[in-house]
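Take a look at the structure set out below.
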Protein chains: 2
Amino acid sequence: MKLISVDDHVFEHPRVWLDRLPHGLQDRGPRIVETDDGSERWLLEGELVSHLEVNMGLSASAGLDWHERSFEPLRFDQMLPGTYDPVARLKDMDEDGVWAQTCFPTFARFAGVRFLTMKDKALALLCVKAYNDFILDEWCAAAPHRYIPLIILPLWDVDLSALEIERCGPRGARAITFPDATFPIGLPSIYTGEWDRVFSAAAEHELVLCMHFGSSGLEPAVDPLAPQAVTTSLFGITLYSTMATWVMSPVFHRHPTLKIAFSEGGIGWWPFALMRMDTVWEHYRFYNLERQIDKETRPSDVVRSNVYGCFIDDPLGVKLRHDIGVRNIMWESDYPHADSLWPKSRENAQRVFADVPDQEVRQIVETNARRVFRFP
Amino acid sequence: MKLISVDDHVFEHPRVWLDRLPHGLQDRGPRIVETDDGSERWLLEGELVSHLEVNMGLSASAGLDWHERSFEPLRFDQMLPGTYDPVARLKDMDEDGVWAQTCFPTFARFAGVRFLTMKDKALALLCVKAYNDFILDEWCAAAPHRYIPLIILPLWDVDLSALEIERCGPRGARAITFPDATFPIGLPSIYTGEWDRVFSAAAEHELVLCMHFGSSGLEPAVDPLAPQAVTTSLFGITLYSTMATWVMSPVFHRHPTLKIAFSEGGIGWWPFALMRMDTVWEHYRFYNLERQIDKETRPSDVVRSNVYGCFIDDPLGVKLRHDIGVRNIMWESDYPHADSLWPKSRENAQRVFADVPDQEVRQIVETNARRVFRFP
């Protein structure tokens, strides 16, 4: 079996935008500067970007012993070359036993929201296009059979977003990274219908909307004195909120072929979510305040036809795979993040799948991703 | 088997505080007034309290058809008498096949936080004591073998809170309702040690800390245009945050006999939470920023010795009861809230437990609650 991972991360190298923005704009676009303390930092529109958002140690700590990990910034020469080089990455994937990956942005942020807050929106659009050109023409082109192309959108404008889908779809894009919630970043609700042009374009070009937890900044509210382990324990569960929000919205009735895929959320909580949503729907669909809810289709049926999940290491989810739907489960390696098991992803998968029939393992680690992302 | 429910709700009747506050203070304490539109509203310190917090229809809708339910305020004469009368309640419990209940406040709010924001803190303390006297001397005294006494605390002062535990413990209190998080209501974090006197008193008097979801106002962040069904689908999952926050804190190491019980959170998500917390702990316990974490005891072991859950209707949780720990599961009827299955709680329980051995059913519906709440 060839393992296909649907959630990994690319560190954009220093020349991604320098090589692609027009002369005269390169200085205001994203570029790396070296600070007095010897760290490398991204600069955008004259402002330094926090390393906690882009190059902190935990984001590129695959393979490091847990004692060596930290929130401190990393220089490119302190990272594994595979974090920013698509050819070096292939060697790391081979070592990990992973055939293909789907890479989310880092500097541009999981859902490309970096460019949403730029002052110069003309420049911001060029930055989005430059990222997508980098992903299509440089990163994925280095090994087209081993990278699933995932693009970002100029989220501040639905018409421009639809145009970007129409531009990149025919060039081989297979997925779009979309925020796991719109309200935290000031974007229109999916209940308004304002996104319809984007969803229609995504459905027409058969691009999956991939939603990484945390991509909108939506985080579980946690005691401010609690250690990071508490927040990390809750990673992913915000996608339950995303699931309920999408499944009880009119989006999938209007766009029945649209697919969404959750990234790094785990799947062990899905059976509870499906049960709970069905129970609530059973009562609330006739409830007088709930006119927007589809009264005919159970939420769990909407999930099974339109929603996909994935996991790194979730023995419970694997045990409950039939409560979820084997066709809805994919697998991820999360390279090079702290949660990744690299270089033992395949070894760990063998352990997790020890009691699962081969045919189902193949669906989860390979053929579901090939079907959903049209990656034969 | 006698069904013991560990999560139900009392509507404080109009004379709870009028009968107990000293003359001269009754006017500023909680009392019911009739407004021009014919509704009954609580008045406290001269201000009307929103009916959405206390007497909206969904809070007293047990037995109503779903088409009849709403957020509109209810007058006492529109509610089942069992909502506010402990003798009438017994008949409703008999009809429901429920032997005993554990009632949370309504006007005083789930964790008694109503009095936390009062201007006159001397009056606030009297209001807390009056509520506890009502629960101990009137509500539970109406049928001591059928009501588990649950008290509230003057949460703004840990010394007063400890004194209230010492006052009510010997009078038969069995549990304390405590907020599911402290930071949303401006109280000290459980990581500071400031609560130690309270936790010591609770442990010494063997009172369980009951945490109802939403009792601190902590709610899952949801798209503002999403229907109520989305929020309702997520009810309970905030207790996963509570679980991680408590289990990774030093509280149970300092107070190893202290027990906490989650109310209305469901249990079907517990196996995922236990697995995820153990996985994170396995890495993060040695992580340099995480000095507060117990490095010896797995979070799931802390849960099994100190944390209890309950459910109304959670077939998945019942199926996974051995992944949770049968000793940690209790049952609830949630009378008279919208989620209650009254008057079919027992009938529904029979369906949910159809495939479970009698001995385990008895633990879940009866003997665990008798042991945890010392209610023989």
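In the structure tokens, each chain is lettered A, B, ... as it comes, each chain's residues begin at 1, and ligands are numbered from 1 in order of appearance.
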Residues of segment 103-340 of chain B in strand (DSSP E or B), written as an MDAnalysis selection string:
chainID B and resid 103:104 147:148 150:151 175:177 208:212 260:263 307:311 329:331
Find the residues of chain B that sit at most 8 Å from chain A; for each, write down the nearest two atoms and how far apart they are in Å, to one decimal. Count only C-alpha atoms. Sort by chain, then by number going up, and give it as a tab-separated table.
residue	atom	partner	partner_atom	distance
B:Trp66	CA	A:Tyr287	CA	6.2
B:His67	CA	A:Tyr287	CA	5.9
B:Arg69	CA	A:Tyr287	CA	7.4
B:Ser70	CA	A:Asn288	CA	7.6
B:Ala181	CA	A:Asp223	CA	7.3
B:Thr182	CA	A:Asp223	CA	7.5
B:Phe183	CA	A:Asp223	CA	6.0
B:Ser189	CA	A:Asp223	CA	6.8
B:Tyr191	CA	A:Leu225	CA	6.3
B:Leu218	CA	A:Ala221	CA	7.7
B:Pro220	CA	A:Ser241	CA	7.4
B:Ala221	CA	A:Ser241	CA	7.6
B:Val222	CA	A:Ser241	CA	6.7
B:Asp223	CA	A:Phe183	CA	6.0
B:Pro224	CA	A:Phe183	CA	7.6
B:Leu225	CA	A:Tyr191	CA	6.3
B:Ala226	CA	A:Thr245	CA	6.4
B:Pro227	CA	A:Glu290	CA	5.9
B:Gln228	CA	A:Glu290	CA	7.1
B:Ala229	CA	A:Tyr284	CA	6.2
B:Val230	CA	A:Ala244	CA	5.5
B:Thr232	CA	A:Val280	CA	7.0
B:Ser233	CA	A:Met277	CA	5.3
B:Leu234	CA	A:Ser241	CA	6.8
B:Tyr240	CA	A:Leu234	CA	7.6
B:Ser241	CA	A:Val222	CA	6.7
B:Ala244	CA	A:Val230	CA	5.5
B:Thr245	CA	A:Val230	CA	6.0
B:Met248	CA	A:Val230	CA	7.0
B:Ser249	CA	A:Ala226	CA	7.3
B:Gly268	CA	A:Phe272	CA	5.3
B:Trp269	CA	A:Trp269	CA	5.8
B:Pro271	CA	A:Leu316	CA	7.4
B:Phe272	CA	A:Gly268	CA	5.3
B:Ala273	CA	A:Ser233	CA	7.7
B:Met275	CA	A:Leu316	CA	7.6
B:Arg276	CA	A:Ser233	CA	5.9
B:Met277	CA	A:Ser233	CA	5.3
B:Val280	CA	A:Ser233	CA	6.1
B:Trp281	CA	A:Ala229	CA	6.8
B:His283	CA	A:Trp66	CA	6.6
B:Tyr284	CA	A:Ala229	CA	6.2
B:Phe286	CA	A:His67	CA	6.6
B:Tyr287	CA	A:His67	CA	5.9
B:Asn288	CA	A:His67	CA	6.8
B:Leu289	CA	A:Pro227	CA	7.6
B:Glu290	CA	A:Pro227	CA	5.8
B:Gln292	CA	A:Pro227	CA	7.4
B:Ile293	CA	A:Pro227	CA	7.9
B:Leu316	CA	A:Phe272	CA	6.8
Between B:Val303, B:Leu150, B:Leu74, B:Ala130, which one has atoms that come closest to Gly38 of chain B, using only C-alpha atoms?
B:Leu74
Which residue of A:Ala111, A:Cys168, A:Leu116, A:Ile32 approaches Ser216 of chain A most closely, using only C-alpha atoms:
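Of A:Ala111, A:Cys168, A:Leu116, A:Ile32, the one nearest Ser216 of chain A, counting only C-alpha atoms, is A:Ala111.
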Using the chain letters and numbers from this document, which residues of segment 102-262 of chain A does DSSP assign to alpha helix (DSSP H), as JSON, numbers by chain?
{"A": [121, 122, 123, 124, 125, 126, 127, 128, 129, 130, 131, 132, 133, 158, 159, 160, 161, 162, 163, 164, 165, 166, 167, 168, 196, 197, 198, 199, 200, 201, 202, 203, 204, 228, 229, 230, 231, 232, 233, 234, 238, 239, 240, 241, 242, 243, 244, 245, 246, 247, 251, 252, 253, 254]}
Give me the residues near Gly217 of chain A as a list in words, where near means some atom within 9 Å (using only C-alpha atoms) and where sequence neighbours in that chain fewer than 3 positions away do not count.
Pro179, Asp180, Ala181, Pro184, Ile185, Phe213 and Gly214 of chain A
Restricted to C-alpha atoms, what would the selected residues look like written as a CSV table (one decimal), in the first residue's frame?
chain,number,residue,atom,x,y,z
A,179,PRO,CA,-10.9,28.6,7.2
A,180,ASP,CA,-12.6,26.3,9.8
A,181,ALA,CA,-14.8,29.3,10.7
A,184,PRO,CA,-13.4,35.0,13.9
A,185,ILE,CA,-11.7,36.6,10.9
A,213,PHE,CA,-8.2,23.2,12.9
A,214,GLY,CA,-7.1,26.6,14.1
Within 9 Å of Ala162 of chain A, counting only C-alpha atoms, which residues show up once you throw out same-chain ones fewer than 4 positions away? Write them as number ranges by chain, please.
A: 153, 157-158, 166-167, 197-202
Residue contacts of Val361 of chain A (12 Å, only C-alpha atoms) excluding same-chain residues fewer than 5 positions away, as a list in words
Met1, Lys2, Leu3, Ile4, Val318, Lys319, Arg321, Val326, Arg327, Ile329, Met330, Trp331, Ala349, Gln350, Arg351, Val352, Phe353, Ala354, Asp355, Val356, Glu366, Thr367 and Asn368 of chain A
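When atom CA of Arg171 of chain B is paired with atom CA of Thr102 of chain B, their separation reads 16.3 Å.
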Residues within 9 Å of Ala100 of chain A, please, as a list in words. Count only C-alpha atoms; anything in the same chain fewer than 5 positions from it doesn't count.
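The residues that qualify are Lys2, Leu3, Ile4, Ser5, Val6, Leu90, Met93, His145, Arg146, Tyr147 and Ile148 of chain A.
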Export of the given selection (all heavy atoms) as an mmCIF file, in the first residue's frame:
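Wrote result-v5.cif, looks like this:
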data_model
loop_
_atom_site.group_PDB
_atom_site.id
_atom_site.type_symbol
_atom_site.label_atom_id
_atom_site.label_comp_id
_atom_site.auth_asym_id
_atom_site.auth_seq_id
_atom_site.Cartn_x
_atom_site.Cartn_y
_atom_site.Cartn_z
ATOM 1 N N LYS A 2 0.415 2.260 -0.733
ATOM 2 C CA LYS A 2 1.119 3.546 -0.727
ATOM 3 C C LYS A 2 0.378 4.494 0.200
ATOM 4 O O LYS A 2 -0.797 4.791 -0.022
ATOM 5 C CB LYS A 2 1.170 4.096 -2.150
ATOM 6 C CG LYS A 2 2.164 3.334 -3.014
ATOM 7 C CD LYS A 2 2.276 3.904 -4.401
ATOM 8 C CE LYS A 2 3.498 3.338 -5.102
ATOM 9 N NZ LYS A 2 3.473 3.567 -6.539
ATOM 10 N N LEU A 3 1.065 4.968 1.206
ATOM 11 C CA LEU A 3 0.408 5.847 2.177
ATOM 12 C C LEU A 3 0.270 7.265 1.618
ATOM 13 O O LEU A 3 1.269 7.876 1.214
ATOM 14 C CB LEU A 3 1.207 5.888 3.483
ATOM 15 C CG LEU A 3 0.822 4.845 4.533
ATOM 16 C CD1 LEU A 3 1.020 3.447 3.983
ATOM 17 C CD2 LEU A 3 1.611 5.048 5.819
ATOM 18 N N ILE A 4 -0.960 7.751 1.610
ATOM 19 C CA ILE A 4 -1.196 9.121 1.156
ATOM 20 C C ILE A 4 -1.647 9.950 2.351
ATOM 21 O O ILE A 4 -2.678 9.686 2.961
ATOM 22 C CB ILE A 4 -2.254 9.149 0.033
ATOM 23 C CG1 ILE A 4 -1.711 8.353 -1.162
ATOM 24 C CG2 ILE A 4 -2.596 10.581 -0.341
ATOM 25 C CD1 ILE A 4 -2.597 8.388 -2.361
ATOM 26 N N SER A 5 -0.853 10.947 2.655
ATOM 27 C CA SER A 5 -1.160 11.808 3.792
ATOM 28 C C SER A 5 -1.902 13.045 3.306
ATOM 29 O O SER A 5 -1.505 13.676 2.324
ATOM 30 C CB SER A 5 0.139 12.217 4.490
ATOM 31 O OG SER A 5 -0.105 13.303 5.346
ATOM 32 N N VAL A 6 -2.976 13.411 4.004
ATOM 33 C CA VAL A 6 -3.780 14.558 3.565
ATOM 34 C C VAL A 6 -3.585 15.791 4.448
ATOM 35 O O VAL A 6 -4.349 16.744 4.355
ATOM 36 C CB VAL A 6 -5.278 14.190 3.485
ATOM 37 C CG1 VAL A 6 -5.491 13.079 2.475
ATOM 38 C CG2 VAL A 6 -5.820 13.787 4.862
ATOM 39 N N LEU A 90 11.028 14.624 -0.375
ATOM 40 C CA LEU A 90 10.741 13.274 -0.880
ATOM 41 C C LEU A 90 11.559 12.224 -0.135
ATOM 42 O O LEU A 90 11.076 11.136 0.163
ATOM 43 C CB LEU A 90 11.031 13.199 -2.386
ATOM 44 C CG LEU A 90 10.139 14.065 -3.288
ATOM 45 C CD1 LEU A 90 10.660 14.012 -4.731
ATOM 46 C CD2 LEU A 90 8.686 13.599 -3.225
ATOM 47 N N MET A 93 9.994 11.677 3.136
ATOM 48 C CA MET A 93 8.777 10.877 2.963
ATOM 49 C C MET A 93 9.140 9.406 2.765
ATOM 50 O O MET A 93 8.499 8.521 3.331
ATOM 51 C CB MET A 93 7.967 11.410 1.774
ATOM 52 C CG MET A 93 7.344 12.774 2.034
ATOM 53 S SD MET A 93 6.893 13.687 0.523
ATOM 54 C CE MET A 93 5.653 12.617 -0.200
ATOM 55 N N HIS A 145 3.349 13.105 -8.873
ATOM 56 C CA HIS A 145 2.619 11.946 -8.365
ATOM 57 C C HIS A 145 2.687 11.827 -6.857
ATOM 58 O O HIS A 145 2.111 10.915 -6.278
ATOM 59 C CB HIS A 145 3.153 10.661 -9.009
ATOM 60 C CG HIS A 145 3.010 10.683 -10.488
ATOM 61 N ND1 HIS A 145 1.792 10.775 -11.114
ATOM 62 C CD2 HIS A 145 3.944 10.665 -11.482
ATOM 63 C CE1 HIS A 145 1.962 10.794 -12.422
ATOM 64 N NE2 HIS A 145 3.261 10.734 -12.666
ATOM 65 N N ARG A 146 3.428 12.742 -6.210
ATOM 66 C CA ARG A 146 3.624 12.599 -4.765
ATOM 67 C C ARG A 146 3.162 13.816 -3.962
ATOM 68 O O ARG A 146 3.246 13.802 -2.747
ATOM 69 C CB ARG A 146 5.098 12.270 -4.480
ATOM 70 C CG ARG A 146 5.501 10.982 -5.228
ATOM 71 C CD ARG A 146 6.830 10.470 -4.788
ATOM 72 N NE ARG A 146 6.826 10.122 -3.369
ATOM 73 C CZ ARG A 146 7.894 9.647 -2.725
ATOM 74 N NH1 ARG A 146 9.032 9.496 -3.384
ATOM 75 N NH2 ARG A 146 7.832 9.346 -1.458
ATOM 76 N N TYR A 147 2.712 14.847 -4.658
ATOM 77 C CA TYR A 147 2.186 16.019 -3.940
ATOM 78 C C TYR A 147 0.781 16.348 -4.455
ATOM 79 O O TYR A 147 0.594 16.511 -5.660
ATOM 80 C CB TYR A 147 3.097 17.234 -4.135
ATOM 81 C CG TYR A 147 4.458 17.108 -3.462
ATOM 82 C CD1 TYR A 147 5.635 17.213 -4.204
ATOM 83 C CD2 TYR A 147 4.552 16.916 -2.086
ATOM 84 C CE1 TYR A 147 6.875 17.119 -3.595
ATOM 85 C CE2 TYR A 147 5.800 16.809 -1.469
ATOM 86 C CZ TYR A 147 6.951 16.907 -2.224
ATOM 87 O OH TYR A 147 8.168 16.813 -1.614
ATOM 88 N N ILE A 148 -0.158 16.470 -3.549
ATOM 89 C CA ILE A 148 -1.531 16.864 -3.916
ATOM 90 C C ILE A 148 -1.620 18.386 -3.812
ATOM 91 O O ILE A 148 -1.452 18.939 -2.728
ATOM 92 C CB ILE A 148 -2.558 16.204 -2.972
ATOM 93 C CG1 ILE A 148 -2.478 14.676 -3.086
ATOM 94 C CG2 ILE A 148 -3.966 16.711 -3.272
ATOM 95 C CD1 ILE A 148 -3.402 13.919 -2.129
#
Record the distance separating atom CA of Ala108 of chain B and atom CA of Ile364 of chain B, expressed in Å with one decimal.
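Separation of atom CA of Ala108 of chain B and atom CA of Ile364 of chain B: 29.0 Å.
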In Å, how far is it from atom CA of Phe375 of chain A to atom CA of Pro144 of chain A?
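Separation between atom CA of Phe375 of chain A and atom CA of Pro144 of chain A: 9.7 Å.
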Residue neighbourhood Gly29 of chain A, 7 Å, only C-alpha atoms, exclusion window fewer than 4 positions, as a compact mmCIF listing (two decimals) with N, CA, C and O atoms, in the first residue's frame:
# COMPACT_ATOMS: atom_id res chain seq x y z
N TRP A 17 8.19 34.55 -2.78
CA TRP A 17 7.57 35.78 -3.30
C TRP A 17 8.58 36.65 -4.04
O TRP A 17 8.23 37.30 -5.01
N LEU A 25 7.66 45.69 -6.21
CA LEU A 25 6.74 45.24 -5.16
C LEU A 25 7.41 44.25 -4.21
O LEU A 25 6.90 43.97 -3.13
N LEU A 44 6.58 41.77 6.18
CA LEU A 44 5.52 41.97 5.19
C LEU A 44 4.96 43.38 5.36
O LEU A 44 4.57 43.77 6.47
N GLU A 45 4.94 44.12 4.27
CA GLU A 45 4.48 45.52 4.30
C GLU A 45 5.19 46.28 5.41
O GLU A 45 4.57 47.05 6.15
